[in-house]
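Asker: Here it is: the structure, laid out below.
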Amino acid sequence: MCGIIGYLGPKSPVNVLLEGLKKLEYRGYDSAGLAVVKGKEIYLCRVKGKIKDLEANLRANPIDGHYGLGHTRWATHGRPSEINAHPHRDCEGNIVVVHNGIIENYLSLKERLIKNGHVFKTETDTEVIAHLIEENFSGSLEEAVICAVQSMEGSFAFACLSPLDPEKIVGARSGPPLIVGIGEEEYFLASDVIPILDHTRRVVFMADQEIAILSRDGLKFFDFSGQPISKVSTELNWSPLMVEKRGFKHFMLKEIYEQPQVVRETLSEALSLDFGEVNLPELEAAKDRLKECRQAVIIACGTSYHAGLIGQIMLESLAALPTRVEYASEFRYRDILISPEDLIIAISQSGETADTLAAIRGLKGKSGPLLAICNVPGSSLVREAELTLLTQAGPEVGVAATKTFSAQIATLTLLALWLGRARGGLEKEKAIEIMLELQRIPHRMEQILNNKERVENLAYRFSSYSHFLYLGRWISYPVALEGALKLKEISYIHAEGYAGGEMKHGPIALIDEKMPTLAVIPKDRVFEKMLSNINEIKARDGIVIALTDNQAELENHVDYFLPIPSTHPLLSPFLTVLPLQLFAYTIAYRLGADVDQPRNLAKSVTVE
Ligand code: AGP
């Protein structure tokens, strides 16, 4: 939610900031702005709208400078408008701030600042930061920031500059992510690594309660009490090419097509077929504790939660480990009984989801090992977890999660196999059978993606419908939830994901010829049960599209087919999710929706 970028170096800051903002746009896209400093002057440009609107404005009214800050906004306080767009300034216009997060006590701070004579111009919480810094400024920007953060509550990452303490950018983090990029005689400050990959792969991940000072003299870090701290930089293995569309119309489509490779990479080092073992060196040191765990509690949000539901079935089936799956946003407010024998698995693509972080923080000292399954190295979740399995999806830019979902379920499958073998409940032969089939999954995924015409035709045929039902049972139930979420978030069409057996307890009342059902029905232990649910829908004039590897047995029961190759029943989600992603994508595209940046959403939800 909101993207921040700062640049200090020999290049034109306007270009670096603009290009960076384009790559941060997935974090928020209702307004944008940038500020650059030239000598004693600050030049500012802000617009309501997207980065392309900011770019057009800058083309019409060019500005230039030596260093600067940029911001793309996802509104929390104050409607999207030019006046509320960042950067924000103090009374004199000498201090400029861009911010991600929420200053929870901004009203009381604002009241106090107004009493002290400060004049506010916007409806945002961010503006209090500029005035607080102004109030504490006596020549050193970092000293003013250290004083200002003492009175700020909430979750925030911000960057500021002032020509009164020139050639310097100061950033502070308490919640949302902030990283520093180190290039050749240049520094970057950004909400994530994606906008700086074109310039450098050397980064420092800032932790909470840390302040970074970027200046021509070098880089310094302090904690919020003003004590200097030393930080270590990391060399990333992500490349700038990974965040290009490479001929695809949208990032989402590119990311859908990357899934076979993502699964291949996840499996490549991990499977040891001769021995029926999975190699997860990240877990070895904790093996004894992990195999003794009493239960697993999976905590996640959104698509990651759906992956968790699949993980639950894997862990129960393969590792005989009782498993619960919890929405982080609900879990954090419950009085949950957790014991030191419980394994906590937090799943998050970004590693920055506020609810997921709050939920795991609430468990500190109460639970057993905390294992993160995360796609972003150096993210908050990774830094706070005891153990981490990094998913091998590479950066995901489309707001709708696709390849990270496949990477998560691949990682969960490996974890379930590893735990099954470690706990002794999973026979070597059964492990090998699943591992062999797992190896074939990327190829089977490619078969589906190379034959997308049928999905596209169906998507075109149904793009004028306003309601859809997605049904599945057992391991296909989370896939139905995920398919419905994809359609909702990118096409704005109402879609319900439901467990097939629950239909008759209410939702069946919705069925008519205007509400088509996508039934996820691979040949597995619930095939016949799902078939009965399909028949109940057909008996009420419903239209049914079946995703199945068993067309023959469904021939006279459904209206349309989306065929998938057969696989081991536990692995079917790798395949069934693909047509559903393509279906949602094609409908959204046909309806002219903004596929990569759907309205009201942001890629990583760093506020509650
Ligand atoms: C998925 O398409 C969504 N955009 C969203 O539900 C997402 O999965 C959720 O916000 C969780 O994010 P995380 O995986 O980064 O924690």
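Identifiers in this document derive from the order of the structure tokens: chains are assigned A, B, ..., residues are numbered from 1 separately in each chain, and ligands are numbered from 1 in order of occurrence.
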Would you list the residues that come within 6 Å of ligand 1? Count only C-alpha atoms and all ligand atoms and give the answer as a PyMOL selection string.
Answerer: chain A and resi 301-304+348-351+353+399-401+603-605
Asker: Only all heavy atoms, please: the residues just picked out, written as a short mmCIF file (atom, residue, chain, number, x, y, z; two decimals), in the first residue's frame.
Answerer:
data_model
loop_
_atom_site.label_atom_id
_atom_site.label_comp_id
_atom_site.auth_asym_id
_atom_site.auth_seq_id
_atom_site.Cartn_x
_atom_site.Cartn_y
_atom_site.Cartn_z
N CYS A 301 -3.33 -14.94 4.50
CA CYS A 301 -4.45 -14.15 3.99
C CYS A 301 -4.62 -14.42 2.49
O CYS A 301 -3.65 -14.74 1.80
CB CYS A 301 -4.18 -12.66 4.12
SG CYS A 301 -3.90 -12.10 5.79
N GLY A 302 -5.82 -14.20 2.00
CA GLY A 302 -6.09 -14.20 0.56
C GLY A 302 -5.64 -15.49 -0.13
O GLY A 302 -5.90 -16.60 0.34
N THR A 303 -4.95 -15.31 -1.24
CA THR A 303 -4.47 -16.46 -2.01
C THR A 303 -3.55 -17.34 -1.19
O THR A 303 -3.59 -18.58 -1.30
CB THR A 303 -3.76 -15.96 -3.29
OG1 THR A 303 -4.75 -15.38 -4.14
CG2 THR A 303 -3.04 -17.06 -4.02
N SER A 304 -2.74 -16.73 -0.35
CA SER A 304 -1.83 -17.53 0.49
C SER A 304 -2.63 -18.42 1.44
O SER A 304 -2.21 -19.53 1.77
CB SER A 304 -0.89 -16.61 1.28
OG SER A 304 -0.11 -15.86 0.39
N SER A 348 3.10 -16.16 3.10
CA SER A 348 2.86 -14.82 2.54
C SER A 348 3.78 -14.62 1.36
O SER A 348 4.99 -14.80 1.47
CB SER A 348 3.13 -13.76 3.61
OG SER A 348 3.09 -12.48 3.04
N GLN A 349 3.19 -14.24 0.24
CA GLN A 349 4.00 -13.92 -0.93
C GLN A 349 4.96 -12.78 -0.61
O GLN A 349 6.15 -12.89 -0.81
CB GLN A 349 3.05 -13.54 -2.08
CG GLN A 349 3.67 -13.00 -3.34
CD GLN A 349 4.03 -11.53 -3.29
OE1 GLN A 349 5.16 -11.19 -3.62
NE2 GLN A 349 3.13 -10.67 -2.85
N SER A 350 4.41 -11.69 -0.07
CA SER A 350 5.20 -10.47 0.13
C SER A 350 6.04 -10.52 1.39
O SER A 350 7.08 -9.87 1.49
CB SER A 350 4.27 -9.27 0.24
OG SER A 350 3.40 -9.45 1.36
N GLY A 351 5.56 -11.25 2.40
CA GLY A 351 6.22 -11.22 3.70
C GLY A 351 6.00 -9.91 4.43
O GLY A 351 6.66 -9.62 5.44
N THR A 353 2.52 -8.60 4.78
CA THR A 353 1.09 -8.43 5.07
C THR A 353 0.90 -8.14 6.56
O THR A 353 1.30 -8.95 7.41
CB THR A 353 0.33 -9.69 4.63
OG1 THR A 353 0.53 -9.84 3.22
CG2 THR A 353 -1.15 -9.60 4.91
N VAL A 399 -1.13 -7.71 -9.49
CA VAL A 399 -1.71 -7.68 -8.14
C VAL A 399 -2.38 -9.02 -7.81
O VAL A 399 -2.34 -9.47 -6.67
CB VAL A 399 -2.70 -6.49 -8.03
CG1 VAL A 399 -3.59 -6.62 -6.80
CG2 VAL A 399 -1.90 -5.19 -7.94
N ALA A 400 -2.96 -9.65 -8.81
CA ALA A 400 -3.56 -10.97 -8.57
C ALA A 400 -2.46 -12.02 -8.50
O ALA A 400 -1.70 -12.21 -9.46
CB ALA A 400 -4.53 -11.29 -9.69
N ALA A 401 -2.38 -12.69 -7.38
CA ALA A 401 -1.33 -13.70 -7.20
C ALA A 401 -1.60 -14.92 -8.08
O ALA A 401 -2.71 -15.44 -8.10
CB ALA A 401 -1.26 -14.11 -5.74
N LYS A 603 -0.85 -4.64 -4.01
CA LYS A 603 -0.19 -5.93 -4.00
C LYS A 603 0.12 -6.43 -2.60
O LYS A 603 -0.11 -7.57 -2.26
CB LYS A 603 1.11 -5.84 -4.82
CG LYS A 603 1.89 -7.14 -4.91
CD LYS A 603 1.23 -8.09 -5.87
CE LYS A 603 1.92 -9.42 -5.95
NZ LYS A 603 1.04 -10.45 -6.50
N SER A 604 0.69 -5.55 -1.79
CA SER A 604 0.94 -6.05 -0.44
C SER A 604 0.21 -5.15 0.54
O SER A 604 0.30 -3.92 0.48
CB SER A 604 2.44 -6.18 -0.16
OG SER A 604 3.02 -4.95 0.03
N VAL A 605 -0.53 -5.81 1.42
CA VAL A 605 -1.47 -5.07 2.28
C VAL A 605 -0.76 -4.81 3.61
O VAL A 605 -0.85 -5.60 4.54
CB VAL A 605 -2.78 -5.87 2.44
CG1 VAL A 605 -3.79 -5.07 3.24
CG2 VAL A 605 -3.35 -6.20 1.06
#
Asker: Taking 6 positions as the minimum chain separation for residues in the same chain, which residues sit within 9 Å of A:Ala32 when counting only C-alpha atoms? Answer as a PDB file with all heavy atoms, in the first residue's frame.
Answerer:
ATOM      1  N   LEU A  21       8.862   4.418  -9.996  1.00  0.00           N
ATOM      2  CA  LEU A  21       7.440   4.454  -9.608  1.00  0.00           C
ATOM      3  C   LEU A  21       6.605   3.533 -10.489  1.00  0.00           C
ATOM      4  O   LEU A  21       5.648   2.914 -10.023  1.00  0.00           O
ATOM      5  CB  LEU A  21       6.900   5.885  -9.683  1.00  0.00           C
ATOM      6  CG  LEU A  21       7.354   6.819  -8.564  1.00  0.00           C
ATOM      7  CD1 LEU A  21       6.813   8.230  -8.792  1.00  0.00           C
ATOM      8  CD2 LEU A  21       6.895   6.310  -7.196  1.00  0.00           C
ATOM      9  N   CYS A  45       5.849  17.792  -8.325  1.00  0.00           N
ATOM     10  CA  CYS A  45       4.783  17.520  -9.291  1.00  0.00           C
ATOM     11  C   CYS A  45       3.901  16.423  -8.710  1.00  0.00           C
ATOM     12  O   CYS A  45       4.398  15.378  -8.281  1.00  0.00           O
ATOM     13  CB  CYS A  45       5.407  17.059 -10.614  1.00  0.00           C
ATOM     14  SG  CYS A  45       4.162  16.703 -11.852  1.00  0.00           S
ATOM     15  N   ARG A  46       2.583  16.643  -8.651  1.00  0.00           N
ATOM     16  CA  ARG A  46       1.668  15.648  -8.075  1.00  0.00           C
ATOM     17  C   ARG A  46       0.419  15.580  -8.938  1.00  0.00           C
ATOM     18  O   ARG A  46      -0.043  16.602  -9.448  1.00  0.00           O
ATOM     19  CB  ARG A  46       1.248  16.052  -6.659  1.00  0.00           C
ATOM     20  CG  ARG A  46       2.412  16.159  -5.719  1.00  0.00           C
ATOM     21  CD  ARG A  46       1.983  16.455  -4.326  1.00  0.00           C
ATOM     22  NE  ARG A  46       1.185  17.686  -4.232  1.00  0.00           N
ATOM     23  CZ  ARG A  46       0.839  18.251  -3.084  1.00  0.00           C
ATOM     24  NH1 ARG A  46       1.163  17.675  -1.955  1.00  0.00           N
ATOM     25  NH2 ARG A  46       0.135  19.359  -3.057  1.00  0.00           N
ATOM     26  N   VAL A  47      -0.119  14.388  -9.061  1.00  0.00           N
ATOM     27  CA  VAL A  47      -1.354  14.259  -9.846  1.00  0.00           C
ATOM     28  C   VAL A  47      -2.291  13.245  -9.182  1.00  0.00           C
ATOM     29  O   VAL A  47      -1.833  12.333  -8.485  1.00  0.00           O
ATOM     30  CB  VAL A  47      -1.085  13.730 -11.281  1.00  0.00           C
ATOM     31  CG1 VAL A  47      -0.273  14.695 -12.101  1.00  0.00           C
ATOM     32  CG2 VAL A  47      -0.442  12.359 -11.268  1.00  0.00           C
ATOM     33  N   LYS A  48      -3.570  13.417  -9.443  1.00  0.00           N
ATOM     34  CA  LYS A  48      -4.522  12.357  -9.140  1.00  0.00           C
ATOM     35  C   LYS A  48      -4.463  11.414 -10.336  1.00  0.00           C
ATOM     36  O   LYS A  48      -4.482  11.881 -11.475  1.00  0.00           O
ATOM     37  CB  LYS A  48      -5.923  12.944  -9.002  1.00  0.00           C
ATOM     38  CG  LYS A  48      -6.952  11.882  -8.758  1.00  0.00           C
ATOM     39  CD  LYS A  48      -8.330  12.447  -8.624  1.00  0.00           C
ATOM     40  CE  LYS A  48      -9.266  11.254  -8.500  1.00  0.00           C
ATOM     41  NZ  LYS A  48     -10.595  11.524  -8.908  1.00  0.00           N
ATOM     42  N   GLY A  49      -4.343  10.124 -10.101  1.00  0.00           N
ATOM     43  CA  GLY A  49      -4.287   9.192 -11.224  1.00  0.00           C
ATOM     44  C   GLY A  49      -3.037   8.337 -11.146  1.00  0.00           C
ATOM     45  O   GLY A  49      -2.452   8.171 -10.082  1.00  0.00           O
ATOM     46  N   LYS A  50      -2.661   7.831 -12.304  1.00  0.00           N
ATOM     47  CA  LYS A  50      -1.579   6.847 -12.334  1.00  0.00           C
ATOM     48  C   LYS A  50      -0.244   7.492 -12.699  1.00  0.00           C
ATOM     49  O   LYS A  50      -0.179   8.668 -13.007  1.00  0.00           O
ATOM     50  CB  LYS A  50      -1.936   5.771 -13.348  1.00  0.00           C
ATOM     51  CG  LYS A  50      -3.203   5.042 -12.956  1.00  0.00           C
ATOM     52  CD  LYS A  50      -3.253   3.704 -13.611  1.00  0.00           C
ATOM     53  CE  LYS A  50      -4.290   2.868 -12.905  1.00  0.00           C
ATOM     54  NZ  LYS A  50      -4.152   1.481 -13.166  1.00  0.00           N
ATOM     55  N   ILE A  51       0.780   6.647 -12.740  1.00  0.00           N
ATOM     56  CA  ILE A  51       2.116   7.157 -13.047  1.00  0.00           C
ATOM     57  C   ILE A  51       2.147   7.736 -14.463  1.00  0.00           C
ATOM     58  O   ILE A  51       2.857   8.697 -14.731  1.00  0.00           O
ATOM     59  CB  ILE A  51       3.186   6.045 -12.895  1.00  0.00           C
ATOM     60  CG1 ILE A  51       3.073   5.363 -11.529  1.00  0.00           C
ATOM     61  CG2 ILE A  51       4.592   6.601 -13.100  1.00  0.00           C
ATOM     62  CD1 ILE A  51       3.240   6.257 -10.346  1.00  0.00           C
ATOM     63  N   ASP A  53      -0.090   9.443 -15.802  1.00  0.00           N
ATOM     64  CA  ASP A  53      -0.594  10.820 -15.697  1.00  0.00           C
ATOM     65  C   ASP A  53       0.487  11.745 -15.129  1.00  0.00           C
ATOM     66  O   ASP A  53       0.626  12.883 -15.553  1.00  0.00           O
ATOM     67  CB  ASP A  53      -1.844  10.859 -14.803  1.00  0.00           C
ATOM     68  CG  ASP A  53      -2.926   9.927 -15.332  1.00  0.00           C
ATOM     69  OD1 ASP A  53      -3.293  10.086 -16.507  1.00  0.00           O
ATOM     70  OD2 ASP A  53      -3.361   9.018 -14.604  1.00  0.00           O
ATOM     71  N   LEU A  54       1.248  11.208 -14.172  1.00  0.00           N
ATOM     72  CA  LEU A  54       2.358  11.988 -13.611  1.00  0.00           C
ATOM     73  C   LEU A  54       3.389  12.264 -14.706  1.00  0.00           C
ATOM     74  O   LEU A  54       3.887  13.384 -14.854  1.00  0.00           O
ATOM     75  CB  LEU A  54       2.993  11.198 -12.457  1.00  0.00           C
ATOM     76  CG  LEU A  54       4.167  11.850 -11.749  1.00  0.00           C
ATOM     77  CD1 LEU A  54       3.734  13.108 -10.991  1.00  0.00           C
ATOM     78  CD2 LEU A  54       4.827  10.867 -10.763  1.00  0.00           C
ATOM     79  N   GLY A  70       9.929  10.006  -4.696  1.00  0.00           N
ATOM     80  CA  GLY A  70       8.708   9.756  -5.456  1.00  0.00           C
ATOM     81  C   GLY A  70       7.749   8.884  -4.660  1.00  0.00           C
ATOM     82  O   GLY A  70       8.157   8.183  -3.717  1.00  0.00           O
ATOM     83  N   HIS A  71       6.484   8.903  -5.077  1.00  0.00           N
ATOM     84  CA  HIS A  71       5.465   8.179  -4.302  1.00  0.00           C
ATOM     85  C   HIS A  71       4.301   7.783  -5.202  1.00  0.00           C
ATOM     86  O   HIS A  71       3.884   8.539  -6.065  1.00  0.00           O
ATOM     87  CB  HIS A  71       4.940   9.093  -3.195  1.00  0.00           C
ATOM     88  CG  HIS A  71       4.031   8.414  -2.213  1.00  0.00           C
ATOM     89  ND1 HIS A  71       2.666   8.381  -2.373  1.00  0.00           N
ATOM     90  CD2 HIS A  71       4.303   7.740  -1.070  1.00  0.00           C
ATOM     91  CE1 HIS A  71       2.133   7.718  -1.347  1.00  0.00           C
ATOM     92  NE2 HIS A  71       3.103   7.316  -0.542  1.00  0.00           N
ATOM     93  N   THR A  72       3.801   6.576  -5.017  1.00  0.00           N
ATOM     94  CA  THR A  72       2.548   6.186  -5.652  1.00  0.00           C
ATOM     95  C   THR A  72       1.600   5.759  -4.537  1.00  0.00           C
ATOM     96  O   THR A  72       1.986   5.033  -3.624  1.00  0.00           O
ATOM     97  CB  THR A  72       2.752   5.115  -6.742  1.00  0.00           C
ATOM     98  OG1 THR A  72       1.489   4.809  -7.331  1.00  0.00           O
ATOM     99  CG2 THR A  72       3.413   3.848  -6.234  1.00  0.00           C
ATOM    100  N   ARG A  73       0.342   6.236  -4.586  1.00  0.00           N
ATOM    101  CA  ARG A  73      -0.506   6.197  -3.381  1.00  0.00           C
ATOM    102  C   ARG A  73      -1.658   5.207  -3.478  1.00  0.00           C
ATOM    103  O   ARG A  73      -2.240   5.028  -4.547  1.00  0.00           O
ATOM    104  CB  ARG A  73      -1.079   7.609  -3.147  1.00  0.00           C
ATOM    105  CG  ARG A  73      -1.940   7.741  -1.907  1.00  0.00           C
ATOM    106  CD  ARG A  73      -2.229   9.207  -1.603  1.00  0.00           C
ATOM    107  NE  ARG A  73      -2.935   9.309  -0.335  1.00  0.00           N
ATOM    108  CZ  ARG A  73      -4.147   9.825  -0.192  1.00  0.00           C
ATOM    109  NH1 ARG A  73      -4.794  10.304  -1.238  1.00  0.00           N
ATOM    110  NH2 ARG A  73      -4.719   9.859   1.002  1.00  0.00           N
ATOM    111  N   GLU A  82      -5.190  15.568  -6.093  1.00  0.00           N
ATOM    112  CA  GLU A  82      -3.837  16.137  -6.252  1.00  0.00           C
ATOM    113  C   GLU A  82      -3.326  16.656  -4.913  1.00  0.00           C
ATOM    114  O   GLU A  82      -2.170  16.429  -4.545  1.00  0.00           O
ATOM    115  CB  GLU A  82      -3.884  17.254  -7.297  1.00  0.00           C
ATOM    116  CG  GLU A  82      -2.498  17.775  -7.599  1.00  0.00           C
ATOM    117  CD  GLU A  82      -2.505  19.006  -8.477  1.00  0.00           C
ATOM    118  OE1 GLU A  82      -3.403  19.128  -9.324  1.00  0.00           O
ATOM    119  OE2 GLU A  82      -1.591  19.839  -8.286  1.00  0.00           O
ATOM    120  N   ALA A  85      -2.131  13.931  -2.722  1.00  0.00           N
ATOM    121  CA  ALA A  85      -1.030  13.104  -3.256  1.00  0.00           C
ATOM    122  C   ALA A  85       0.284  13.504  -2.585  1.00  0.00           C
ATOM    123  O   ALA A  85       0.494  14.667  -2.246  1.00  0.00           O
ATOM    124  CB  ALA A  85      -0.927  13.306  -4.767  1.00  0.00           C
ATOM    125  N   HIS A  86       1.153  12.524  -2.379  1.00  0.00           N
ATOM    126  CA  HIS A  86       2.477  12.807  -1.803  1.00  0.00           C
ATOM    127  C   HIS A  86       3.379  13.317  -2.920  1.00  0.00           C
ATOM    128  O   HIS A  86       3.110  13.035  -4.084  1.00  0.00           O
ATOM    129  CB  HIS A  86       3.089  11.525  -1.232  1.00  0.00           C
ATOM    130  CG  HIS A  86       2.266  10.893  -0.157  1.00  0.00           C
ATOM    131  ND1 HIS A  86       2.815  10.244   0.928  1.00  0.00           N
ATOM    132  CD2 HIS A  86       0.920  10.784   0.002  1.00  0.00           C
ATOM    133  CE1 HIS A  86       1.854   9.756   1.691  1.00  0.00           C
ATOM    134  NE2 HIS A  86       0.683  10.061   1.144  1.00  0.00           N
ATOM    135  N   PRO A  87       4.474  13.958  -2.661  1.00  0.00           N
ATOM    136  CA  PRO A  87       5.055  14.317  -1.363  1.00  0.00           C
ATOM    137  C   PRO A  87       4.267  15.436  -0.662  1.00  0.00           C
ATOM    138  O   PRO A  87       3.651  16.277  -1.322  1.00  0.00           O
ATOM    139  CB  PRO A  87       6.448  14.822  -1.736  1.00  0.00           C
ATOM    140  CG  PRO A  87       6.715  14.325  -3.111  1.00  0.00           C
ATOM    141  CD  PRO A  87       5.400  14.209  -3.776  1.00  0.00           C
TER     142      PRO A  87
END
Asker: Would you mind reading off the distance between atom CA of A:Asp125 and atom CA of A:Ala75, one decimal, in Å?
Answerer: 10.4 Å
Asker: Would you return as JSON, numbers by chain the members of stretch 366-489 of chain A that DSSP assigns to alpha helix (DSSP H) on this structure's backbone?
Answerer: {"A": [380, 381, 382, 383, 384, 403, 404, 405, 406, 407, 408, 409, 410, 411, 412, 413, 414, 415, 416, 417, 418, 419, 420, 421, 422, 423, 428, 429, 430, 431, 432, 433, 434, 435, 436, 437, 438, 439, 440, 441, 442, 443, 444, 445, 446, 447, 448, 449, 453, 454, 455, 456, 457, 458, 459, 460, 461, 462, 477, 478, 479, 480, 481, 482, 483, 484, 485, 486, 487, 488, 489]}
Asker: With a distance cut-off of 12 Å and only C-alpha atoms, select the neighbouring residues of stretch 505-510 of chain A, excluding the residue or stretch itself and same-chain residues fewer than 3 positions from it, and output the selection as a list in words.
Answerer: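 Surrounding residues, per the criterion: His467, Phe468, Leu469, Tyr470, Leu471, Ala495, Glu496, Gly497, Tyr498, Ala499, Gly500, Gly501, Glu502, Glu513, Lys514, Met515, Pro516, Thr517, Asn533, Ile534, Asn535, Glu536, Ile537, Lys538, Ala539, Arg540, Asp541 and Gly542 of chain A.
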Asker: Check the smallest atom-to-atom distance from each of A:Ile545, A:Ile475, A:Leu449, A:Cys160 to A:Gly6 using only C-alpha atoms, then report the winner.
Answerer: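 Between A:Ile545, A:Ile475, A:Leu449, A:Cys160, the residue approaching A:Gly6 most closely is A:Cys160.
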Asker: Would you mind reading off the distance between atom CA of A:Tyr106 and atom CA of A:Met152, one decimal, in Å?
Answerer: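 Pair atom CA of A:Tyr106 / atom CA of A:Met152 returns 7.7 Å.
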Asker: Among stretch 24-207 of chain A, which residues does DSSP mark as strand (DSSP E) when it is run on the backbone? Keep the chain and numbering as in the structure and answer as a VMD selection string.
Answerer: chain A and resid 31 to 38 41 to 48 67 to 73 88 to 89 96 to 103 154 to 161 168 to 174 179 to 183 186 to 190 202 to 205
Asker: Near A:Glu92, counting only C-alpha atoms, which residues have an atom at most 9 Å away, once you skip same-chain residues fewer than 3 positions from it, shown as a list in words?
Answerer: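 After dropping sequence-adjacent residues, the list is Arg89, Ile95 and Glu134 of chain A.
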Asker: Near A:Gly226, counting only C-alpha atoms, which residues have an atom at most 8 Å away, once you skip same-chain residues fewer than 4 positions from it, shown as a list in words?
Answerer: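 Using only C-alpha atoms, the neighbours found are Glu143, Ile146 and Phe222 of chain A.
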Asker: Please produce a file of those selected residues containing N, CA and C atoms, as a PDB file, in the first residue's frame.
Answerer:
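Output contents, as saved in out37.pdb:
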ATOM      1  N   GLU A 143      18.517  14.324  12.883  1.00  0.00           N
ATOM      2  CA  GLU A 143      18.180  14.591  14.296  1.00  0.00           C
ATOM      3  C   GLU A 143      16.698  14.933  14.423  1.00  0.00           C
ATOM      4  N   ILE A 146      14.775  11.699  14.137  1.00  0.00           N
ATOM      5  CA  ILE A 146      14.871  10.898  15.372  1.00  0.00           C
ATOM      6  C   ILE A 146      13.910  11.460  16.432  1.00  0.00           C
ATOM      7  N   PHE A 222      20.844   4.458  12.000  1.00  0.00           N
ATOM      8  CA  PHE A 222      20.645   4.682  13.434  1.00  0.00           C
ATOM      9  C   PHE A 222      19.395   3.930  13.861  1.00  0.00           C
TER      10      PHE A 222
END
Asker: Can you work out which one of A:Ile4, A:Val37, A:Val297, A:Ile345 has the shortest atom-to-atom distance to A:Pro177, counting only C-alpha atoms?
Answerer: A:Ile4
Asker: Please determine, counting only C-alpha atoms, which residue among A:Gly175, A:Lys364, A:Arg216, A:Trp238 has the shortest atom-to-atom distance to A:Val203.
Answerer: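 Ranking A:Gly175, A:Lys364, A:Arg216, A:Trp238 by distance to A:Val203, first place goes to A:Trp238.
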Asker: Just to confirm, what's the straight-line distance from atom CA of A:Ile63 to atom CA of A:Tyr43 in Å (one decimal)?
Answerer: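 It comes out at 6.4 Å.
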